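Here is upload.tsv, consisting of TSV, C-alpha atoms and all ligand atoms:
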```tsv
chain	number	residue	atom	x	y	z
P	1	MET	CA	-11.00	-64.50	6.26
P	2	ARG	CA	-11.70	-65.58	2.67
P	3	LEU	CA	-15.40	-66.02	1.94
P	4	ILE	CA	-17.85	-66.34	-0.88
P	5	VAL	CA	-21.57	-65.78	-0.39
P	6	LEU	CA	-24.24	-67.71	-2.29
P	7	GLY	CA	-27.99	-67.31	-2.35
P	8	PRO	CA	-30.79	-66.30	-4.72
P	9	PRO	CA	-31.19	-62.68	-5.79
P	10	GLY	CA	-32.83	-60.85	-2.90
P	11	ALA	CA	-31.50	-63.25	-0.24
P	12	GLY	CA	-29.77	-60.35	1.50
P	13	LYS	CA	-26.23	-61.10	0.37
P	14	GLY	CA	-25.28	-57.44	-0.12
P	15	THR	CA	-26.85	-56.39	3.19
P	16	GLN	CA	-25.12	-59.12	5.21
P	17	ILE	CA	-21.78	-58.69	3.47
P	18	ALA	CA	-21.84	-54.99	4.37
P	19	VAL	CA	-22.31	-55.95	8.04
P	20	ILE	CA	-19.64	-58.67	8.06
P	21	SER	CA	-17.04	-56.69	6.17
P	22	LYS	CA	-17.49	-53.74	8.54
P	23	HIS	CA	-17.47	-55.90	11.67
P	24	PHE	CA	-14.37	-57.89	10.69
P	25	ASN	CA	-12.79	-55.08	8.69
P	26	VAL	CA	-12.48	-57.21	5.55
P	27	LYS	CA	-12.66	-55.98	1.95
P	28	SER	CA	-15.58	-57.09	-0.16
P	29	ILE	CA	-16.38	-56.93	-3.83
P	30	SER	CA	-19.74	-57.28	-5.56
P	31	THR	CA	-19.49	-58.21	-9.25
P	32	GLY	CA	-23.03	-56.83	-9.71
P	33	ASP	CA	-22.01	-53.43	-8.24
P	34	LEU	CA	-18.86	-53.39	-10.37
P	35	LEU	CA	-20.89	-54.08	-13.51
P	36	ARG	CA	-23.45	-51.38	-12.66
P	37	GLU	CA	-20.62	-48.90	-12.13
P	38	ASN	CA	-19.10	-49.85	-15.49
P	39	ILE	CA	-22.50	-49.49	-17.17
P	40	LYS	CA	-23.02	-46.05	-15.60
P	41	ASN	CA	-19.57	-44.90	-16.75
P	42	GLU	CA	-20.11	-46.42	-20.20
P	43	THR	CA	-16.80	-48.29	-20.12
P	44	LYS	CA	-15.99	-51.07	-22.60
P	45	VAL	CA	-17.00	-53.69	-20.00
P	46	GLY	CA	-20.15	-51.70	-19.22
P	47	LYS	CA	-21.22	-51.53	-22.86
P	48	LEU	CA	-20.76	-55.26	-23.24
P	49	ALA	CA	-22.49	-56.11	-19.94
P	50	LYS	CA	-25.55	-53.85	-20.19
P	51	GLU	CA	-27.81	-56.04	-22.30
P	52	TYR	CA	-27.12	-59.07	-20.12
P	53	VAL	CA	-27.62	-57.24	-16.83
P	54	ASP	CA	-30.84	-55.54	-17.95
P	55	LYS	CA	-32.35	-58.89	-18.93
P	56	GLY	CA	-31.12	-60.71	-15.83
P	57	GLU	CA	-28.78	-62.96	-17.84
P	58	LEU	CA	-25.26	-63.82	-16.75
P	59	VAL	CA	-22.50	-61.70	-18.26
P	60	PRO	CA	-19.91	-63.93	-20.02
P	61	SER	CA	-17.63	-65.51	-17.44
P	62	ASP	CA	-14.33	-64.41	-19.01
P	63	VAL	CA	-15.30	-60.75	-18.43
P	64	ILE	CA	-16.28	-61.41	-14.82
P	65	ASN	CA	-13.28	-63.60	-14.04
P	66	GLN	CA	-11.03	-60.78	-15.20
P	67	LEU	CA	-12.75	-58.28	-12.88
P	68	VAL	CA	-12.31	-60.67	-9.95
P	69	GLU	CA	-8.70	-61.41	-10.85
P	70	ASN	CA	-7.95	-57.65	-10.86
P	71	PHE	CA	-9.45	-57.40	-7.38
P	72	ILE	CA	-7.45	-60.40	-6.07
P	73	VAL	CA	-4.22	-59.03	-7.54
P	74	GLY	CA	-4.83	-55.73	-5.70
P	75	LEU	CA	-4.95	-57.41	-2.25
P	76	GLU	CA	-2.06	-57.18	0.18
P	77	ASP	CA	-0.26	-60.41	1.14
P	78	GLY	CA	-2.57	-62.44	3.38
P	79	GLU	CA	-5.38	-59.85	3.24
P	80	GLY	CA	-8.90	-61.28	3.61
P	81	PHE	CA	-11.86	-60.71	1.27
P	82	ILE	CA	-15.54	-61.48	0.69
P	83	LEU	CA	-16.97	-62.10	-2.78
P	84	ASP	CA	-20.58	-61.09	-3.43
P	85	GLY	CA	-22.33	-62.52	-6.49
P	86	TYR	CA	-19.33	-64.56	-7.62
P	87	PRO	CA	-18.96	-67.35	-8.57
P	88	ARG	CA	-22.31	-67.74	-10.36
P	89	ASN	CA	-21.66	-71.04	-12.18
P	90	TYR	CA	-19.21	-73.96	-12.31
P	91	GLU	CA	-17.01	-72.25	-14.85
P	92	GLN	CA	-16.51	-69.34	-12.45
P	93	ALA	CA	-16.06	-71.61	-9.42
P	94	LEU	CA	-13.21	-73.38	-11.21
P	95	ALA	CA	-11.79	-70.09	-12.47
P	96	LEU	CA	-11.77	-68.77	-8.90
P	97	LYS	CA	-9.72	-71.74	-7.71
P	98	ASN	CA	-7.27	-71.08	-10.52
P	99	ILE	CA	-7.05	-67.34	-9.88
P	100	LEU	CA	-6.30	-67.93	-6.20
P	101	SER	CA	-3.63	-70.53	-6.81
P	102	THR	CA	-2.04	-68.54	-9.67
P	103	HIS	CA	-1.59	-65.58	-7.33
P	104	SER	CA	-0.57	-67.73	-4.33
P	105	VAL	CA	-3.66	-66.77	-2.37
P	106	ALA	CA	-4.95	-69.46	0.04
P	107	PRO	CA	-8.26	-71.15	-0.89
P	108	ILE	CA	-11.75	-69.97	0.12
P	109	GLU	CA	-12.46	-70.92	3.74
P	110	LYS	CA	-16.25	-70.83	3.72
P	111	ALA	CA	-19.05	-70.61	1.19
P	112	ILE	CA	-21.90	-68.96	3.04
P	113	TYR	CA	-25.26	-69.95	1.61
P	114	ILE	CA	-28.13	-67.65	2.59
P	115	LYS	CA	-31.20	-69.79	2.04
P	116	VAL	CA	-34.50	-68.06	1.20
P	117	GLY	CA	-37.59	-69.47	-0.55
P	118	ASN	CA	-38.81	-68.30	-3.97
P	119	GLU	CA	-41.98	-66.57	-2.77
P	120	GLU	CA	-40.11	-64.49	-0.21
P	121	VAL	CA	-37.48	-63.55	-2.79
P	122	ILE	CA	-40.08	-62.32	-5.29
P	123	LYS	CA	-41.78	-60.25	-2.55
P	124	ARG	CA	-38.45	-58.68	-1.56
P	125	LEU	CA	-37.24	-57.91	-5.07
P	126	SER	CA	-40.48	-56.48	-6.38
P	127	GLY	CA	-40.52	-53.68	-3.79
P	128	ARG	CA	-36.79	-53.07	-3.73
P	129	LEU	CA	-35.33	-49.58	-4.00
P	130	THR	CA	-31.60	-49.05	-4.42
P	131	CYS	CA	-29.61	-45.87	-3.77
P	132	SER	CA	-28.13	-44.69	-7.05
P	133	LEU	CA	-25.11	-43.26	-5.19
P	134	CYS	CA	-24.11	-45.61	-2.35
P	135	GLY	CA	-26.04	-48.80	-3.25
P	136	ALA	CA	-27.95	-48.95	0.08
P	137	ILE	CA	-31.09	-51.07	-0.18
P	138	TYR	CA	-34.65	-50.21	0.92
P	139	HIS	CA	-38.07	-51.74	0.40
P	140	LYS	CA	-41.21	-49.80	-0.54
P	141	GLU	CA	-43.27	-51.47	2.22
P	142	ASN	CA	-40.95	-53.30	4.60
P	143	GLN	CA	-38.19	-50.74	4.89
P	144	PRO	CA	-39.12	-47.39	3.38
P	145	PRO	CA	-36.66	-44.48	3.55
P	146	GLN	CA	-37.50	-41.58	5.88
P	147	LYS	CA	-37.99	-39.21	2.92
P	148	GLU	CA	-39.61	-40.61	-0.19
P	149	ASN	CA	-37.02	-41.70	-2.77
P	150	ILE	CA	-34.09	-40.22	-0.83
P	151	CYS	CA	-31.37	-42.37	0.75
P	152	ASP	CA	-31.24	-41.99	4.57
P	153	ILE	CA	-27.49	-42.58	4.51
P	154	CYS	CA	-26.12	-40.39	1.73
P	155	GLY	CA	-29.07	-38.36	0.38
P	156	GLY	CA	-28.78	-40.03	-3.05
P	157	GLU	CA	-31.79	-40.72	-5.24
P	158	LEU	CA	-33.45	-44.12	-4.78
P	159	ILE	CA	-34.20	-46.02	-7.97
P	160	VAL	CA	-35.75	-49.32	-9.02
P	161	ARG	CA	-32.91	-51.28	-10.62
P	162	PRO	CA	-33.66	-51.99	-14.29
P	163	ASP	CA	-33.34	-55.70	-13.50
P	164	ASP	CA	-35.83	-55.50	-10.62
P	165	THR	CA	-38.77	-55.46	-13.06
P	166	GLU	CA	-41.13	-58.44	-12.94
P	167	GLU	CA	-39.83	-60.02	-16.12
P	168	ALA	CA	-36.15	-59.62	-15.26
P	169	ILE	CA	-36.77	-60.92	-11.72
P	170	LYS	CA	-38.36	-64.08	-13.11
P	171	ASN	CA	-35.44	-64.55	-15.46
P	172	ARG	CA	-32.87	-64.00	-12.71
P	173	LEU	CA	-34.55	-66.69	-10.60
P	174	VAL	CA	-34.47	-69.17	-13.48
P	175	VAL	CA	-30.81	-68.35	-14.15
P	176	TYR	CA	-30.10	-68.78	-10.43
P	177	GLU	CA	-31.79	-72.20	-10.29
P	178	ASN	CA	-30.04	-73.48	-13.41
P	179	GLU	CA	-26.58	-72.01	-13.05
P	180	THR	CA	-25.87	-70.93	-9.48
P	181	ALA	CA	-27.88	-73.22	-7.20
P	182	PRO	CA	-25.76	-76.27	-8.19
P	183	LEU	CA	-22.79	-74.54	-6.56
P	184	VAL	CA	-24.37	-75.26	-3.16
P	185	ASP	CA	-23.67	-78.97	-3.74
P	186	PHE	CA	-20.28	-78.19	-5.21
P	187	TYR	CA	-19.15	-76.35	-2.07
P	188	GLU	CA	-20.73	-78.96	0.18
P	189	GLN	CA	-18.55	-81.55	-1.52
P	190	GLU	CA	-15.57	-79.26	-1.04
P	191	GLY	CA	-16.39	-79.36	2.68
P	192	ILE	CA	-16.72	-75.58	3.14
P	193	LEU	CA	-20.47	-74.98	2.87
P	194	TYR	CA	-22.11	-73.01	5.69
P	195	THR	CA	-25.89	-72.65	5.36
P	196	ILE	CA	-27.92	-69.99	7.15
P	197	ASP	CA	-31.68	-69.45	7.10
P	198	GLY	CA	-32.12	-66.03	5.48
P	199	SER	CA	-35.74	-65.66	6.57
P	200	ILE	CA	-35.14	-65.22	10.32
P	201	GLY	CA	-34.82	-61.42	10.06
P	202	LYS	CA	-31.93	-59.22	8.97
P	203	GLU	CA	-30.51	-58.58	12.46
P	204	ASN	CA	-30.72	-62.24	13.48
P	205	VAL	CA	-28.90	-63.33	10.33
P	206	SER	CA	-26.16	-60.76	10.97
P	207	GLN	CA	-25.77	-61.78	14.60
P	208	GLN	CA	-25.53	-65.45	13.76
P	209	LEU	CA	-22.99	-64.80	11.01
P	210	ILE	CA	-20.84	-62.66	13.29
P	211	ASN	CA	-20.91	-65.35	16.00
P	212	ASP	CA	-20.16	-68.21	13.66
P	213	LEU	CA	-17.43	-66.49	11.68
P	214	SER	CA	-15.57	-65.15	14.71
P	215	ASP	CA	-13.11	-68.03	14.86
P	216	LEU	CA	-12.09	-67.91	11.20
P	301	LIG	P1	-26.34	-58.83	-8.59
P	301	LIG	O1	-26.18	-57.41	-8.17
P	301	LIG	O2	-25.33	-59.77	-7.96
P	301	LIG	O3	-27.75	-59.32	-8.45
P	301	LIG	O4	-26.00	-58.89	-10.16
P	301	LIG	C1	-26.76	-58.17	-11.09
P	301	LIG	C2	-26.52	-58.70	-12.50
P	301	LIG	O5	-25.12	-58.55	-12.83
P	301	LIG	C3	-26.78	-60.18	-12.69
P	301	LIG	O6	-28.16	-60.43	-12.96
P	301	LIG	C4	-25.90	-60.50	-13.90
P	301	LIG	O7	-26.47	-59.98	-15.09
P	301	LIG	C5	-24.68	-59.66	-13.61
P	301	LIG	N1	-23.69	-60.40	-12.78
P	301	LIG	C6	-23.29	-60.13	-11.51
P	301	LIG	N2	-22.37	-61.01	-11.08
P	301	LIG	C7	-22.17	-61.86	-12.12
P	301	LIG	C8	-21.36	-63.01	-12.31
P	301	LIG	N3	-20.55	-63.47	-11.33
P	301	LIG	N4	-21.41	-63.64	-13.52
P	301	LIG	C9	-22.19	-63.20	-14.51
P	301	LIG	N5	-23.00	-62.13	-14.40
P	301	LIG	C10	-23.00	-61.47	-13.22
```
Show me this structure written as structure tokens.
Amino acid sequence: MRLIVLGPPGAGKGTQIAVISKHFNVKSISTGDLLRENIKNETKVGKLAKEYVDKGELVPSDVINQLVENFIVGLEDGEGFILDGYPRNYEQALALKNILSTHSVAPIEKAIYIKVGNEEVIKRLSGRLTCSLCGAIYHKENQPPQKENICDICGGELIVRPDDTEEAIKNRLVVYENETAPLVDFYEQEGILYTIDGSIGKENVSQQLINDLSDL
């Protein structure tokens, strides 16, 4: 199983990928999580990425492509994977094709597009809380943790991501529309687009994905 997952910020990509990768026992990688980890550890990549991530801008593609290539190189022969938050623009979509062929990895089988409208996305992101340890996602109103600001899963502290502020959210949506949304057409033309309505409820989306991906 070799998948990429597209959709606006807040579409539920991370949540659904966690479900699919557990169910099918497939590795996943989130470029956003990797960048946040690098920023936390103040690595060279982290120092470069911080100002972009905080503003909701895209980090330069050469940096991201390298992170993804490292991940692909680390896979066993024939091992499946799911990419979360990559590719984010044409340049990265083409780079991904190159990376896969350079390392003799078969092409992506499906580009899953989780479709959610702008209003819903803004509502979701503006109340979002993220565990600073395990990355689990909560929502102040729709899905609060049992204990205030404490992760139900690992006990870590819940934080508002620096790019979940109103201004950064707006910017991320503009960046998404301009840079990433055109990839939906790109993958449709490649004949591997699979669209799912992301507003039918978390469990329903998961169930449908599990059903539809079972024969991959
Ligand atoms: P995410 O967790 O996927 O919402 O990503 C958070 C932030 O990390 C984005 O707003 C970008 O600043 C950066 N980022 C993540 N993935 C990429 C990517 N593929 N290309 C460029 N920047 C990225």
Inset, instruction - Around the point (-25.9, -64.5, -16.8) in the file's coordinates, collect all residues with an atom within 9 Å, using only C-alpha atoms, and return them as a PyMOL selection string. - result: chain P and resi 52-53+55-61+88+172+175-176+179
With a cut-off of 10 Å, could you pull out the residues of chain P touching ligand LIG 301 (chain P) and give me the nearest pair of atoms for each, distance in Å to one decimal, using only C-alpha atoms and all ligand atoms, ordered by chain and ascending number, as a Markdown table?
```
| residue | atom | partner | partner_atom | distance |
| --- | --- | --- | --- | --- |
| P:Leu6 | CA | P:LIG301 | O2 | 9.8 |
| P:Gly7 | CA | P:LIG301 | O2 | 9.8 |
| P:Pro8 | CA | P:LIG301 | O3 | 8.5 |
| P:Pro9 | CA | P:LIG301 | O3 | 5.5 |
| P:Gly10 | CA | P:LIG301 | O3 | 7.7 |
| P:Ala11 | CA | P:LIG301 | O3 | 9.8 |
| P:Lys13 | CA | P:LIG301 | O2 | 8.5 |
| P:Gly14 | CA | P:LIG301 | O1 | 8.1 |
| P:Ser30 | CA | P:LIG301 | O2 | 6.6 |
| P:Thr31 | CA | P:LIG301 | N2 | 4.4 |
| P:Gly32 | CA | P:LIG301 | O1 | 3.6 |
| P:Asp33 | CA | P:LIG301 | O1 | 5.8 |
| P:Leu34 | CA | P:LIG301 | C6 | 8.1 |
| P:Leu35 | CA | P:LIG301 | O5 | 6.2 |
| P:Arg36 | CA | P:LIG301 | O5 | 7.4 |
| P:Ala49 | CA | P:LIG301 | O7 | 7.4 |
| P:Lys50 | CA | P:LIG301 | O7 | 8.0 |
| P:Glu51 | CA | P:LIG301 | O7 | 8.3 |
| P:Tyr52 | CA | P:LIG301 | O7 | 5.2 |
| P:Val53 | CA | P:LIG301 | O7 | 3.4 |
| P:Asp54 | CA | P:LIG301 | O7 | 6.9 |
| P:Lys55 | CA | P:LIG301 | O7 | 7.1 |
| P:Gly56 | CA | P:LIG301 | O6 | 4.1 |
| P:Glu57 | CA | P:LIG301 | O7 | 4.7 |
| P:Leu58 | CA | P:LIG301 | N5 | 3.7 |
| P:Val59 | CA | P:LIG301 | N5 | 3.9 |
| P:Pro60 | CA | P:LIG301 | C9 | 6.0 |
| P:Ser61 | CA | P:LIG301 | N4 | 5.8 |
| P:Asp62 | CA | P:LIG301 | N4 | 9.0 |
| P:Val63 | CA | P:LIG301 | C9 | 8.3 |
| P:Ile64 | CA | P:LIG301 | N4 | 5.7 |
| P:Asn65 | CA | P:LIG301 | N3 | 7.8 |
| P:Leu67 | CA | P:LIG301 | N3 | 9.5 |
| P:Val68 | CA | P:LIG301 | N3 | 8.8 |
| P:Leu83 | CA | P:LIG301 | N3 | 9.4 |
| P:Asp84 | CA | P:LIG301 | O2 | 6.7 |
| P:Gly85 | CA | P:LIG301 | O2 | 4.3 |
| P:Tyr86 | CA | P:LIG301 | N3 | 4.1 |
| P:Pro87 | CA | P:LIG301 | N3 | 5.0 |
| P:Arg88 | CA | P:LIG301 | N3 | 4.7 |
| P:Asn89 | CA | P:LIG301 | N4 | 7.5 |
| P:Glu91 | CA | P:LIG301 | N4 | 9.8 |
| P:Gln92 | CA | P:LIG301 | N3 | 7.2 |
| P:Ala93 | CA | P:LIG301 | N3 | 9.5 |
| P:Gly135 | CA | P:LIG301 | O1 | 9.9 |
| P:Arg161 | CA | P:LIG301 | C1 | 9.2 |
| P:Pro162 | CA | P:LIG301 | C1 | 9.8 |
| P:Asp163 | CA | P:LIG301 | O6 | 7.0 |
| P:Asp164 | CA | P:LIG301 | O3 | 9.2 |
| P:Ala168 | CA | P:LIG301 | O6 | 8.4 |
| P:Ile169 | CA | P:LIG301 | O6 | 8.7 |
| P:Asn171 | CA | P:LIG301 | O6 | 8.7 |
| P:Arg172 | CA | P:LIG301 | O6 | 5.9 |
| P:Leu173 | CA | P:LIG301 | O6 | 9.3 |
| P:Val175 | CA | P:LIG301 | O6 | 8.4 |
| P:Tyr176 | CA | P:LIG301 | O6 | 8.9 |
| P:Glu179 | CA | P:LIG301 | N4 | 9.8 |
| P:Thr180 | CA | P:LIG301 | N3 | 9.3 |
```
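Using all atoms listed in the file for every distance, the candidate list P:Thr130, P:Gln208, P:Thr43, P:Thr102 yields P:Thr130 as the residue closest to Ile159 (chain P).
If you look at CA of Leu100 (chain P) and CA of Gln189 (chain P), they are 18.9 Å away from each other.
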Inset, instruction - Within 9 Å of region 77-79 of chain P, counting only C-alpha atoms, which residues show up once you throw out same-chain ones fewer than 2 positions away? Write them as a ChimeraX atom specification, please. - result: /P:1-2,26-27,75,81,105-106
Generate all heavy atoms for region 13-24 of chain P and emit them as a JSON list (two decimals), in the frame of the given file.
```json
[["chain", "number", "residue", "atom", "x", "y", "z"],
["P", 13, "LYS", "N", -27.69, -60.92, 0.41],
["P", 13, "LYS", "CA", -26.23, -61.10, 0.37],
["P", 13, "LYS", "C", -25.51, -59.75, 0.58],
["P", 13, "LYS", "O", -24.64, -59.64, 1.42],
["P", 13, "LYS", "CB", -25.79, -61.69, -0.99],
["P", 13, "LYS", "CG", -26.36, -63.07, -1.28],
["P", 13, "LYS", "CD", -25.78, -63.68, -2.54],
["P", 13, "LYS", "CE", -26.17, -62.95, -3.81],
["P", 13, "LYS", "NZ", -27.58, -63.06, -4.19],
["P", 14, "GLY", "N", -25.93, -58.76, -0.20],
["P", 14, "GLY", "CA", -25.28, -57.44, -0.12],
["P", 14, "GLY", "C", -25.40, -56.85, 1.28],
["P", 14, "GLY", "O", -24.43, -56.33, 1.84],
["P", 15, "THR", "N", -26.60, -56.95, 1.85],
["P", 15, "THR", "CA", -26.85, -56.39, 3.19],
["P", 15, "THR", "C", -25.96, -57.07, 4.23],
["P", 15, "THR", "O", -25.31, -56.41, 5.05],
["P", 15, "THR", "CB", -28.34, -56.64, 3.57],
["P", 15, "THR", "OG1", -29.15, -56.09, 2.54],
["P", 15, "THR", "CG2", -28.69, -56.03, 4.90],
["P", 16, "GLN", "N", -25.91, -58.39, 4.20],
["P", 16, "GLN", "CA", -25.12, -59.12, 5.21],
["P", 16, "GLN", "C", -23.62, -58.94, 4.99],
["P", 16, "GLN", "O", -22.87, -58.82, 5.96],
["P", 16, "GLN", "CB", -25.49, -60.62, 5.19],
["P", 16, "GLN", "CG", -26.94, -60.90, 5.57],
["P", 16, "GLN", "CD", -27.31, -60.36, 6.95],
["P", 16, "GLN", "OE1", -26.46, -60.14, 7.83],
["P", 16, "GLN", "NE2", -28.59, -60.11, 7.15],
["P", 17, "ILE", "N", -23.21, -58.87, 3.73],
["P", 17, "ILE", "CA", -21.78, -58.69, 3.47],
["P", 17, "ILE", "C", -21.34, -57.32, 3.99],
["P", 17, "ILE", "O", -20.24, -57.18, 4.55],
["P", 17, "ILE", "CB", -21.49, -58.86, 1.97],
["P", 17, "ILE", "CG1", -21.61, -60.34, 1.62],
["P", 17, "ILE", "CG2", -20.09, -58.35, 1.61],
["P", 17, "ILE", "CD1", -21.59, -60.65, 0.14],
["P", 18, "ALA", "N", -22.20, -56.32, 3.85],
["P", 18, "ALA", "CA", -21.84, -54.99, 4.37],
["P", 18, "ALA", "C", -21.60, -55.07, 5.88],
["P", 18, "ALA", "O", -20.63, -54.50, 6.41],
["P", 18, "ALA", "CB", -22.96, -53.99, 4.05],
["P", 19, "VAL", "N", -22.45, -55.82, 6.58],
["P", 19, "VAL", "CA", -22.31, -55.95, 8.04],
["P", 19, "VAL", "C", -21.02, -56.71, 8.39],
["P", 19, "VAL", "O", -20.23, -56.27, 9.22],
["P", 19, "VAL", "CB", -23.54, -56.69, 8.64],
["P", 19, "VAL", "CG1", -23.33, -56.97, 10.12],
["P", 19, "VAL", "CG2", -24.81, -55.89, 8.42],
["P", 20, "ILE", "N", -20.82, -57.85, 7.71],
["P", 20, "ILE", "CA", -19.64, -58.67, 8.06],
["P", 20, "ILE", "C", -18.35, -57.93, 7.73],
["P", 20, "ILE", "O", -17.40, -57.96, 8.50],
["P", 20, "ILE", "CB", -19.59, -60.00, 7.26],
["P", 20, "ILE", "CG1", -20.91, -60.75, 7.32],
["P", 20, "ILE", "CG2", -18.49, -60.91, 7.77],
["P", 20, "ILE", "CD1", -20.88, -61.95, 6.36],
["P", 21, "SER", "N", -18.33, -57.29, 6.57],
["P", 21, "SER", "CA", -17.04, -56.69, 6.17],
["P", 21, "SER", "C", -16.71, -55.52, 7.10],
["P", 21, "SER", "O", -15.55, -55.29, 7.42],
["P", 21, "SER", "CB", -17.01, -56.29, 4.69],
["P", 21, "SER", "OG", -17.88, -55.26, 4.44],
["P", 22, "LYS", "N", -17.75, -54.82, 7.59],
["P", 22, "LYS", "CA", -17.49, -53.74, 8.54],
["P", 22, "LYS", "C", -17.04, -54.33, 9.89],
["P", 22, "LYS", "O", -16.03, -53.91, 10.46],
["P", 22, "LYS", "CB", -18.77, -52.91, 8.72],
["P", 22, "LYS", "CG", -18.56, -51.66, 9.50],
["P", 22, "LYS", "CD", -19.74, -50.73, 9.38],
["P", 22, "LYS", "CE", -19.56, -49.57, 10.34],
["P", 22, "LYS", "NZ", -20.83, -49.09, 10.88],
["P", 23, "HIS", "N", -17.77, -55.33, 10.35],
["P", 23, "HIS", "CA", -17.47, -55.90, 11.67],
["P", 23, "HIS", "C", -16.05, -56.49, 11.72],
["P", 23, "HIS", "O", -15.32, -56.28, 12.68],
["P", 23, "HIS", "CB", -18.49, -56.99, 12.02],
["P", 23, "HIS", "CG", -18.30, -57.58, 13.38],
["P", 23, "HIS", "ND1", -18.88, -57.03, 14.51],
["P", 23, "HIS", "CD2", -17.57, -58.64, 13.80],
["P", 23, "HIS", "CE1", -18.52, -57.74, 15.56],
["P", 23, "HIS", "NE2", -17.73, -58.73, 15.16],
["P", 24, "PHE", "N", -15.69, -57.23, 10.68],
["P", 24, "PHE", "CA", -14.37, -57.89, 10.69],
["P", 24, "PHE", "C", -13.31, -57.10, 9.94],
["P", 24, "PHE", "O", -12.17, -57.57, 9.82],
["P", 24, "PHE", "CB", -14.49, -59.31, 10.09],
["P", 24, "PHE", "CG", -15.33, -60.24, 10.91],
["P", 24, "PHE", "CD1", -16.60, -60.61, 10.48],
["P", 24, "PHE", "CD2", -14.87, -60.76, 12.12],
["P", 24, "PHE", "CE1", -17.39, -61.48, 11.24],
["P", 24, "PHE", "CE2", -15.65, -61.62, 12.87],
["P", 24, "PHE", "CZ", -16.91, -61.98, 12.43]]
```
